[in-house]
>>> print(open('data_9.txt').read())   # compact mmCIF, C-alpha atoms
# COMPACT_ATOMS: atom_id res chain seq x y z
CA MET E 1 24.24 63.78 -167.03
CA THR E 2 22.86 60.42 -165.97
CA SER E 3 21.04 58.40 -168.61
CA ARG E 4 17.83 56.45 -168.25
CA ASP E 5 19.76 53.18 -168.42
CA ASP E 6 22.14 54.36 -165.69
CA ILE E 7 19.22 55.16 -163.37
CA GLU E 8 17.59 51.79 -164.08
CA GLU E 9 20.89 50.07 -163.31
CA MET E 10 21.20 52.01 -160.03
CA ILE E 11 17.64 51.03 -159.00
CA LEU E 12 18.42 47.38 -159.80
CA ARG E 13 21.60 47.53 -157.72
CA VAL E 14 19.72 49.29 -154.87
CA SER E 15 17.23 46.40 -154.86
CA LEU E 16 20.21 44.13 -154.17
CA GLY E 17 21.26 46.30 -151.20
CA ASP E 18 24.11 48.19 -152.91
CA ARG E 19 24.74 51.31 -150.80
CA ALA E 20 27.07 52.89 -153.35
CA ALA E 21 24.36 52.60 -156.00
CA PHE E 22 21.91 54.17 -153.57
CA THR E 23 24.25 57.12 -153.03
CA SER E 24 24.71 57.51 -156.78
CA LEU E 25 20.94 57.35 -157.33
CA TYR E 26 20.42 59.99 -154.65
CA ASP E 27 23.05 62.27 -156.20
CA ALA E 28 21.56 61.86 -159.67
CA THR E 29 17.87 62.35 -158.81
CA SER E 30 17.44 64.15 -155.48
CA ALA E 31 17.36 67.68 -156.92
CA LYS E 32 14.52 66.83 -159.30
CA LEU E 33 12.56 64.93 -156.63
CA PHE E 34 13.08 67.73 -154.11
CA GLY E 35 11.60 70.15 -156.66
CA VAL E 36 8.53 67.94 -157.01
CA CYS E 37 8.06 67.84 -153.23
CA LEU E 38 8.65 71.57 -152.83
CA ARG E 39 6.20 72.47 -155.58
CA ILE E 40 3.45 70.49 -153.83
CA LEU E 41 4.23 71.35 -150.20
CA LYS E 42 5.50 74.96 -150.63
CA ASN E 43 7.62 74.49 -147.50
CA THR E 44 11.34 73.76 -147.66
CA ALA E 45 11.59 71.86 -144.38
CA GLU E 46 8.62 69.64 -145.18
CA ALA E 47 9.95 69.03 -148.70
CA GLU E 48 13.31 67.94 -147.25
CA ASP E 49 11.61 65.56 -144.80
CA THR E 50 9.43 64.17 -147.57
CA LEU E 51 12.46 63.65 -149.81
CA GLN E 52 14.07 61.62 -147.03
CA ASP E 53 10.91 59.52 -146.79
CA VAL E 54 10.94 59.03 -150.57
CA PHE E 55 14.47 57.64 -150.50
CA VAL E 56 13.60 55.33 -147.62
CA ARG E 57 10.78 54.01 -149.83
CA VAL E 58 13.18 53.69 -152.77
CA TRP E 59 15.53 51.62 -150.61
CA GLN E 60 12.65 49.43 -149.44
CA LYS E 61 10.78 49.11 -152.77
CA ALA E 62 13.52 49.13 -155.39
CA GLY E 63 12.85 45.45 -156.00
CA LEU E 64 9.28 46.30 -157.08
CA TYR E 65 10.47 48.55 -159.90
CA SER E 66 10.07 47.09 -163.35
CA ALA E 67 11.16 48.96 -166.46
CA ASN E 68 8.24 47.87 -168.70
CA GLY E 69 8.87 50.74 -171.10
CA TYR E 70 8.49 53.62 -168.63
CA SER E 71 11.24 55.96 -167.53
CA PRO E 72 12.71 55.18 -164.10
CA MET E 73 12.29 58.89 -163.32
CA THR E 74 8.54 58.44 -163.77
CA TRP E 75 8.58 55.84 -161.01
CA LEU E 76 10.72 58.02 -158.74
CA ILE E 77 8.65 61.15 -159.41
CA THR E 78 5.47 59.20 -158.68
CA LEU E 79 6.90 58.08 -155.35
CA ALA E 80 7.86 61.69 -154.51
CA ARG E 81 4.54 63.12 -155.64
CA ASN E 82 2.51 60.58 -153.66
CA ALA E 83 4.62 61.10 -150.54
CA ALA E 84 4.22 64.89 -150.79
CA ILE E 85 0.48 64.61 -151.29
CA ASP E 86 0.23 62.26 -148.30
CA ARG E 87 2.11 64.79 -146.17
CA LEU E 88 -0.10 67.62 -147.45
CA ARG E 89 -3.23 65.67 -146.51
CA ALA E 90 -1.81 64.87 -143.08
CA ARG E 91 -1.03 68.56 -142.54
CA LYS E 92 -4.67 69.51 -142.98
CA GLY E 93 -5.58 67.44 -139.93
CA ALA E 94 -8.26 64.96 -139.20
CA THR E 95 -11.93 65.82 -139.31
CA VAL E 96 -13.91 66.03 -136.10
CA HIS E 97 -17.41 64.68 -135.62
CA ILE E 98 -19.98 67.46 -135.32
CA GLU E 99 -21.11 66.33 -131.87
CA GLU E 100 -17.56 66.75 -130.53
CA VAL E 101 -17.42 70.42 -131.45
CA HIS E 102 -18.40 72.60 -128.52
CA ASP E 103 -18.78 76.03 -130.02
CA LEU E 104 -19.86 76.65 -133.60
CA SER E 105 -20.85 80.26 -133.08
CA ASP E 106 -19.83 82.83 -135.64
CA ALA E 107 -17.21 85.25 -134.32
CA SER E 108 -18.26 88.03 -136.69
CA PRO E 109 -20.38 90.85 -135.32
CA THR E 110 -24.14 90.47 -135.26
CA PRO E 111 -26.31 92.78 -137.39
CA GLU E 112 -27.15 94.72 -134.23
CA ALA E 113 -23.46 95.16 -133.37
CA GLU E 114 -22.73 96.27 -136.95
CA ALA E 115 -25.55 98.85 -136.76
CA ILE E 116 -24.21 100.19 -133.46
CA ALA E 117 -20.65 100.35 -134.83
CA SER E 118 -21.90 102.16 -137.92
CA SER E 119 -23.79 104.64 -135.77
CA GLU E 120 -20.75 105.23 -133.54
CA SER E 121 -18.57 105.68 -136.60
CA GLY E 122 -20.98 108.27 -137.93
CA ARG E 123 -20.94 110.12 -134.60
CA LEU E 124 -17.14 110.07 -134.51
CA ASN E 125 -16.88 111.38 -138.07
CA GLY E 126 -19.38 114.14 -137.22
CA CYS E 127 -17.30 115.17 -134.22
CA LEU E 128 -14.10 115.08 -136.27
CA ASP E 129 -15.77 117.39 -138.80
CA GLU E 130 -16.38 119.94 -136.01
CA LEU E 131 -12.61 120.29 -135.52
CA ALA E 132 -10.49 122.60 -137.65
CA PRO E 133 -9.64 120.73 -140.90
CA ASP E 134 -5.91 120.47 -140.16
CA HIS E 135 -6.59 119.33 -136.57
CA SER E 136 -9.05 116.73 -137.79
CA GLU E 137 -6.55 115.45 -140.35
CA ALA E 138 -3.82 115.29 -137.69
CA VAL E 139 -6.06 113.26 -135.36
CA ARG E 140 -7.02 110.87 -138.17
CA ARG E 141 -3.38 110.43 -139.20
CA ALA E 142 -2.16 109.96 -135.61
CA TYR E 143 -4.83 107.63 -134.28
CA LEU E 144 -6.23 105.91 -137.36
CA ASP E 145 -3.23 105.77 -139.71
CA GLY E 146 -0.51 105.48 -137.03
CA ASP E 147 1.61 108.49 -138.02
CA SER E 148 4.09 109.56 -135.34
CA TYR E 149 3.98 112.98 -133.66
CA LYS E 150 7.31 113.78 -135.31
CA ASP E 151 5.95 112.96 -138.79
CA LEU E 152 2.84 115.02 -138.16
CA ALA E 153 4.87 117.98 -136.90
CA ALA E 154 6.95 117.89 -140.06
CA ARG E 155 3.87 117.49 -142.29
CA PHE E 156 2.06 120.49 -140.75
CA SER E 157 5.28 122.53 -140.32
CA VAL E 158 4.88 123.05 -136.58
CA PRO E 159 7.15 122.27 -133.62
CA LEU E 160 6.77 118.83 -132.08
CA ASN E 161 5.33 120.14 -128.78
CA THR E 162 2.79 122.24 -130.67
CA MET E 163 1.60 119.13 -132.47
CA ARG E 164 1.27 117.26 -129.18
CA THR E 165 -0.76 120.12 -127.73
CA ARG E 166 -3.03 120.26 -130.80
CA LEU E 167 -3.68 116.55 -130.63
CA ARG E 168 -4.39 116.66 -126.88
CA ARG E 169 -6.83 119.56 -127.25
CA SER E 170 -8.48 117.89 -130.25
CA LEU E 171 -8.98 114.68 -128.27
CA LEU E 172 -10.56 116.63 -125.40
CA LYS E 173 -12.96 118.29 -127.87
CA LEU E 174 -13.79 114.90 -129.37
CA ARG E 175 -14.51 113.47 -125.93
CA ASP E 176 -16.85 116.36 -125.13
CA CYS E 177 -18.59 116.02 -128.50
CA LEU E 178 -19.06 112.27 -128.15
CA SER E 179 -20.39 112.53 -124.57
CA ARG E 180 -23.28 114.80 -125.66
>>> encode(input="data_9.txt", output="structure tokens")
Amino acid sequence: MTSRDDIEEMILRVSLGDRAAFTSLYDATSAKLFGVCLRILKNTAEAEDTLQDVFVRVWQKAGLYSANGYSPMTWLITLARNAAIDRLRARKGATVHIEEVHDLSDASPTPEAEAIASSESGRLNGCLDELAPDHSEAVRRAYLDGDSYKDLAARFSVPLNTMRTRLRRSLLKLRDCLSR
């Protein structure tokens, strides 16, 4: 385990351009700093890139570090945290002036469209209720829940071709009911 004094010594030697000290500092602190970046960014690739940026900053700014009673890890963690937050802010993208936006319309259905959809849904449910209960359930499971013909045949204990025929006939009845 690397002590506080060891890390301070490594930072001092890095400020003098000592590559071996830089490698030792990386080995001693990179796991912790990577964890800080990952916790903020929640993306491994971005955390790795940010960690690389952090160590570039350490190489460039090691001469600015002064012990003044604080842990050297505090300085390193602050560099990592700030770099990760900067990357997070950059990820969100720049804001656009309101006049540059062409279409601000809401993509959700209008009240009229919702009323029509509700009415159509009611009609469909009424037509499904006119079918035999097991046929209605099979249609709902096949076309609303996504069950396969094979699963439906097994569920209703009928041969596969019988299930296909039932579904086809049920759909024809639904079409006739909905066209009235």
>>> atom_distance(input="data_9.txt", atom1="atom CA of E:Ala107", atom2="atom CA of E:Leu178")
27.8 Å
>>> closest_residue(input="data_9.txt", among="E:Asn82, E:Ser119, E:Gln60, E:Gln52", to="E:Leu16", atoms="all atoms listed in the file")
E:Gln60
>>> residues_around(input="data_9.txt", residues="E:Leu171", least_positions_apart="4", cutoff="8 Å", atoms="all atoms listed in the file", output="list in words")
Val139, Leu167 and Arg175 of chain E
>>> residues_around(input="data_9.txt", residues="E:Ser71", least_positions_apart="5", cutoff="10 Å", atoms="only C-alpha atoms", output="PDB file with C-alpha atoms, in the frame of the given file")
ATOM      1  CA  ARG E   4      17.830  56.450-168.250  1.00  0.00           C
ATOM      2  CA  ASP E   5      19.760  53.180-168.420  1.00  0.00           C
ATOM      3  CA  ILE E   7      19.220  55.160-163.370  1.00  0.00           C
ATOM      4  CA  GLU E   8      17.590  51.790-164.080  1.00  0.00           C
ATOM      5  CA  SER E  66      10.070  47.090-163.350  1.00  0.00           C
ATOM      6  CA  LEU E  76      10.720  58.020-158.740  1.00  0.00           C
ATOM      7  CA  ILE E  77       8.650  61.150-159.410  1.00  0.00           C
TER       8      ILE E  77
END
>>> closest_residue(input="data_9.txt", among="E:Leu131, E:Ala115, E:Ala153, E:Val36", to="E:Thr78", atoms="all atoms listed in the file")
E:Val36
>>> atom_distance(input="data_9.txt", atom1="atom CA of E:Arg13", atom2="atom CA of E:Cys37")
24.8 Å
>>> closest_residue(input="data_9.txt", among="E:Leu144, E:Ala138, E:Ala80, E:Leu172", to="E:Ser157", atoms="all atoms listed in the file")
E:Ala138
>>> residues_around(input="data_9.txt", residues="E:Arg155", least_positions_apart="4", cutoff="12 Å", atoms="all atoms listed in the file", output="count of residues only")
13
>>> axis_aligned_box(input="data_9.txt", around="stretch 128-143 of chain E", padding_each_side="5 Å", output="lines of an AutoDock Vina configuration file")
center_x = -9.3
center_y = 115.1
center_z = -137.6
size_x = 24.2
size_y = 25.0
size_z = 16.6
>>> closest_residue(input="data_9.txt", among="E:Thr74, E:Thr110, E:Asn43, E:Ser121", to="E:Thr29", atoms="all atoms listed in the file")
E:Thr74
>>> closest_residue(input="data_9.txt", among="E:Val14, E:Leu33, E:Met73, E:Ala132", to="E:Asp53", atoms="all atoms listed in the file")
E:Leu33
>>> residues_around(input="data_9.txt", residues="E:Phe22", least_positions_apart="4", cutoff="10 Å", atoms="all atoms listed in the file", output="list in words")
Met10, Ile11, Leu12, Arg13, Val14, Ser15, Gly17, Asp18, Tyr26, Asp27, Ala28, Phe55, Val58, Trp59 and Ala62 of chain E
>>> atom_distance(input="data_9.txt", atom1="atom CA of E:Ile85", atom2="atom CA of E:Leu41")
7.8 Å
>>> closest_residue(input="data_9.txt", among="E:Arg140, E:Arg123, E:Arg164, E:Lys42", to="E:Leu88", atoms="all atoms listed in the file")
E:Lys42
>>> decode(input="data_9.txt", residues="stretch 168-179 of chain E", atoms="all heavy atoms", output="PDB file, in the first residue's frame")
ATOM      1  N   ARG E 168     -57.830 -17.227 -38.221  1.00  0.00           N
ATOM      2  CA  ARG E 168     -58.218 -16.641 -39.515  1.00  0.00           C
ATOM      3  C   ARG E 168     -59.702 -16.332 -39.535  1.00  0.00           C
ATOM      4  O   ARG E 168     -60.110 -15.235 -39.920  1.00  0.00           O
ATOM      5  CB  ARG E 168     -57.852 -17.611 -40.639  1.00  0.00           C
ATOM      6  CG  ARG E 168     -58.389 -17.211 -42.000  1.00  0.00           C
ATOM      7  CD  ARG E 168     -57.276 -16.954 -42.977  1.00  0.00           C
ATOM      8  NE  ARG E 168     -57.787 -16.701 -44.305  1.00  0.00           N
ATOM      9  CZ  ARG E 168     -58.058 -15.487 -44.759  1.00  0.00           C
ATOM     10  NH1 ARG E 168     -57.884 -14.446 -43.997  1.00  0.00           N
ATOM     11  NH2 ARG E 168     -58.502 -15.315 -45.990  1.00  0.00           N
ATOM     12  N   ARG E 169     -60.528 -17.276 -39.097  1.00  0.00           N
ATOM     13  CA  ARG E 169     -61.980 -17.064 -39.074  1.00  0.00           C
ATOM     14  C   ARG E 169     -62.356 -15.949 -38.104  1.00  0.00           C
ATOM     15  O   ARG E 169     -63.242 -15.142 -38.386  1.00  0.00           O
ATOM     16  CB  ARG E 169     -62.695 -18.351 -38.707  1.00  0.00           C
ATOM     17  CG  ARG E 169     -62.663 -19.374 -39.823  1.00  0.00           C
ATOM     18  CD  ARG E 169     -63.392 -20.632 -39.465  1.00  0.00           C
ATOM     19  NE  ARG E 169     -63.303 -21.596 -40.551  1.00  0.00           N
ATOM     20  CZ  ARG E 169     -63.562 -22.888 -40.419  1.00  0.00           C
ATOM     21  NH1 ARG E 169     -63.920 -23.374 -39.251  1.00  0.00           N
ATOM     22  NH2 ARG E 169     -63.460 -23.689 -41.462  1.00  0.00           N
ATOM     23  N   SER E 170     -61.662 -15.896 -36.972  1.00  0.00           N
ATOM     24  CA  SER E 170     -61.937 -14.844 -35.986  1.00  0.00           C
ATOM     25  C   SER E 170     -61.598 -13.473 -36.549  1.00  0.00           C
ATOM     26  O   SER E 170     -62.335 -12.500 -36.342  1.00  0.00           O
ATOM     27  CB  SER E 170     -61.144 -15.092 -34.702  1.00  0.00           C
ATOM     28  OG  SER E 170     -61.562 -16.292 -34.092  1.00  0.00           O
ATOM     29  N   LEU E 171     -60.501 -13.380 -37.280  1.00  0.00           N
ATOM     30  CA  LEU E 171     -60.127 -12.101 -37.891  1.00  0.00           C
ATOM     31  C   LEU E 171     -61.138 -11.669 -38.948  1.00  0.00           C
ATOM     32  O   LEU E 171     -61.454 -10.475 -39.069  1.00  0.00           O
ATOM     33  CB  LEU E 171     -58.725 -12.185 -38.495  1.00  0.00           C
ATOM     34  CG  LEU E 171     -57.568 -12.255 -37.503  1.00  0.00           C
ATOM     35  CD1 LEU E 171     -56.242 -12.411 -38.229  1.00  0.00           C
ATOM     36  CD2 LEU E 171     -57.540 -11.022 -36.614  1.00  0.00           C
ATOM     37  N   LEU E 172     -61.661 -12.623 -39.713  1.00  0.00           N
ATOM     38  CA  LEU E 172     -62.681 -12.295 -40.708  1.00  0.00           C
ATOM     39  C   LEU E 172     -63.947 -11.773 -40.025  1.00  0.00           C
ATOM     40  O   LEU E 172     -64.559 -10.800 -40.476  1.00  0.00           O
ATOM     41  CB  LEU E 172     -62.997 -13.511 -41.580  1.00  0.00           C
ATOM     42  CG  LEU E 172     -61.880 -13.945 -42.540  1.00  0.00           C
ATOM     43  CD1 LEU E 172     -62.224 -15.279 -43.214  1.00  0.00           C
ATOM     44  CD2 LEU E 172     -61.626 -12.872 -43.586  1.00  0.00           C
ATOM     45  N   LYS E 173     -64.338 -12.399 -38.909  1.00  0.00           N
ATOM     46  CA  LYS E 173     -65.509 -11.934 -38.161  1.00  0.00           C
ATOM     47  C   LYS E 173     -65.261 -10.543 -37.588  1.00  0.00           C
ATOM     48  O   LYS E 173     -66.160  -9.690 -37.600  1.00  0.00           O
ATOM     49  CB  LYS E 173     -65.851 -12.913 -37.033  1.00  0.00           C
ATOM     50  CG  LYS E 173     -66.470 -14.202 -37.512  1.00  0.00           C
ATOM     51  CD  LYS E 173     -66.803 -15.136 -36.354  1.00  0.00           C
ATOM     52  CE  LYS E 173     -67.344 -16.449 -36.843  1.00  0.00           C
ATOM     53  NZ  LYS E 173     -67.643 -17.371 -35.727  1.00  0.00           N
ATOM     54  N   LEU E 174     -64.056 -10.305 -37.106  1.00  0.00           N
ATOM     55  CA  LEU E 174     -63.715  -8.981 -36.570  1.00  0.00           C
ATOM     56  C   LEU E 174     -63.791  -7.925 -37.665  1.00  0.00           C
ATOM     57  O   LEU E 174     -64.303  -6.822 -37.460  1.00  0.00           O
ATOM     58  CB  LEU E 174     -62.317  -8.979 -35.952  1.00  0.00           C
ATOM     59  CG  LEU E 174     -62.190  -9.622 -34.586  1.00  0.00           C
ATOM     60  CD1 LEU E 174     -60.721  -9.658 -34.163  1.00  0.00           C
ATOM     61  CD2 LEU E 174     -62.999  -8.855 -33.550  1.00  0.00           C
ATOM     62  N   ARG E 175     -63.295  -8.255 -38.846  1.00  0.00           N
ATOM     63  CA  ARG E 175     -63.330  -7.301 -39.958  1.00  0.00           C
ATOM     64  C   ARG E 175     -64.759  -6.951 -40.318  1.00  0.00           C
ATOM     65  O   ARG E 175     -65.098  -5.784 -40.513  1.00  0.00           O
ATOM     66  CB  ARG E 175     -62.591  -7.875 -41.170  1.00  0.00           C
ATOM     67  CG  ARG E 175     -62.508  -6.870 -42.317  1.00  0.00           C
ATOM     68  CD  ARG E 175     -61.798  -7.413 -43.504  1.00  0.00           C
ATOM     69  NE  ARG E 175     -62.618  -8.485 -44.067  1.00  0.00           N
ATOM     70  CZ  ARG E 175     -62.226  -9.268 -45.059  1.00  0.00           C
ATOM     71  NH1 ARG E 175     -61.039  -9.137 -45.587  1.00  0.00           N
ATOM     72  NH2 ARG E 175     -63.019 -10.201 -45.530  1.00  0.00           N
ATOM     73  N   ASP E 176     -65.618  -7.989 -40.368  1.00  0.00           N
ATOM     74  CA  ASP E 176     -67.040  -7.737 -40.683  1.00  0.00           C
ATOM     75  C   ASP E 176     -67.691  -6.883 -39.608  1.00  0.00           C
ATOM     76  O   ASP E 176     -68.427  -5.941 -39.905  1.00  0.00           O
ATOM     77  CB  ASP E 176     -67.799  -9.061 -40.823  1.00  0.00           C
ATOM     78  CG  ASP E 176     -67.432  -9.827 -42.074  1.00  0.00           C
ATOM     79  OD1 ASP E 176     -66.831  -9.204 -42.992  1.00  0.00           O
ATOM     80  OD2 ASP E 176     -67.702 -11.039 -42.132  1.00  0.00           O
ATOM     81  N   CYS E 177     -67.401  -7.179 -38.360  1.00  0.00           N
ATOM     82  CA  CYS E 177     -67.982  -6.431 -37.236  1.00  0.00           C
ATOM     83  C   CYS E 177     -67.525  -4.975 -37.264  1.00  0.00           C
ATOM     84  O   CYS E 177     -68.334  -4.062 -37.073  1.00  0.00           O
ATOM     85  CB  CYS E 177     -67.598  -7.097 -35.924  1.00  0.00           C
ATOM     86  SG  CYS E 177     -68.186  -6.208 -34.453  1.00  0.00           S
ATOM     87  N   LEU E 178     -66.244  -4.748 -37.523  1.00  0.00           N
ATOM     88  CA  LEU E 178     -65.726  -3.387 -37.513  1.00  0.00           C
ATOM     89  C   LEU E 178     -66.162  -2.564 -38.717  1.00  0.00           C
ATOM     90  O   LEU E 178     -66.203  -1.341 -38.664  1.00  0.00           O
ATOM     91  CB  LEU E 178     -64.182  -3.417 -37.451  1.00  0.00           C
ATOM     92  CG  LEU E 178     -63.595  -3.883 -36.122  1.00  0.00           C
ATOM     93  CD1 LEU E 178     -62.093  -4.100 -36.247  1.00  0.00           C
ATOM     94  CD2 LEU E 178     -63.900  -2.879 -35.026  1.00  0.00           C
ATOM     95  N   SER E 179     -66.525  -3.233 -39.824  1.00  0.00           N
ATOM     96  CA  SER E 179     -66.952  -2.509 -41.031  1.00  0.00           C
ATOM     97  C   SER E 179     -68.407  -2.083 -40.958  1.00  0.00           C
ATOM     98  O   SER E 179     -68.886  -1.334 -41.794  1.00  0.00           O
ATOM     99  CB  SER E 179     -66.684  -3.345 -42.277  1.00  0.00           C
ATOM    100  OG  SER E 179     -67.501  -4.505 -42.264  1.00  0.00           O
TER     101      SER E 179
END
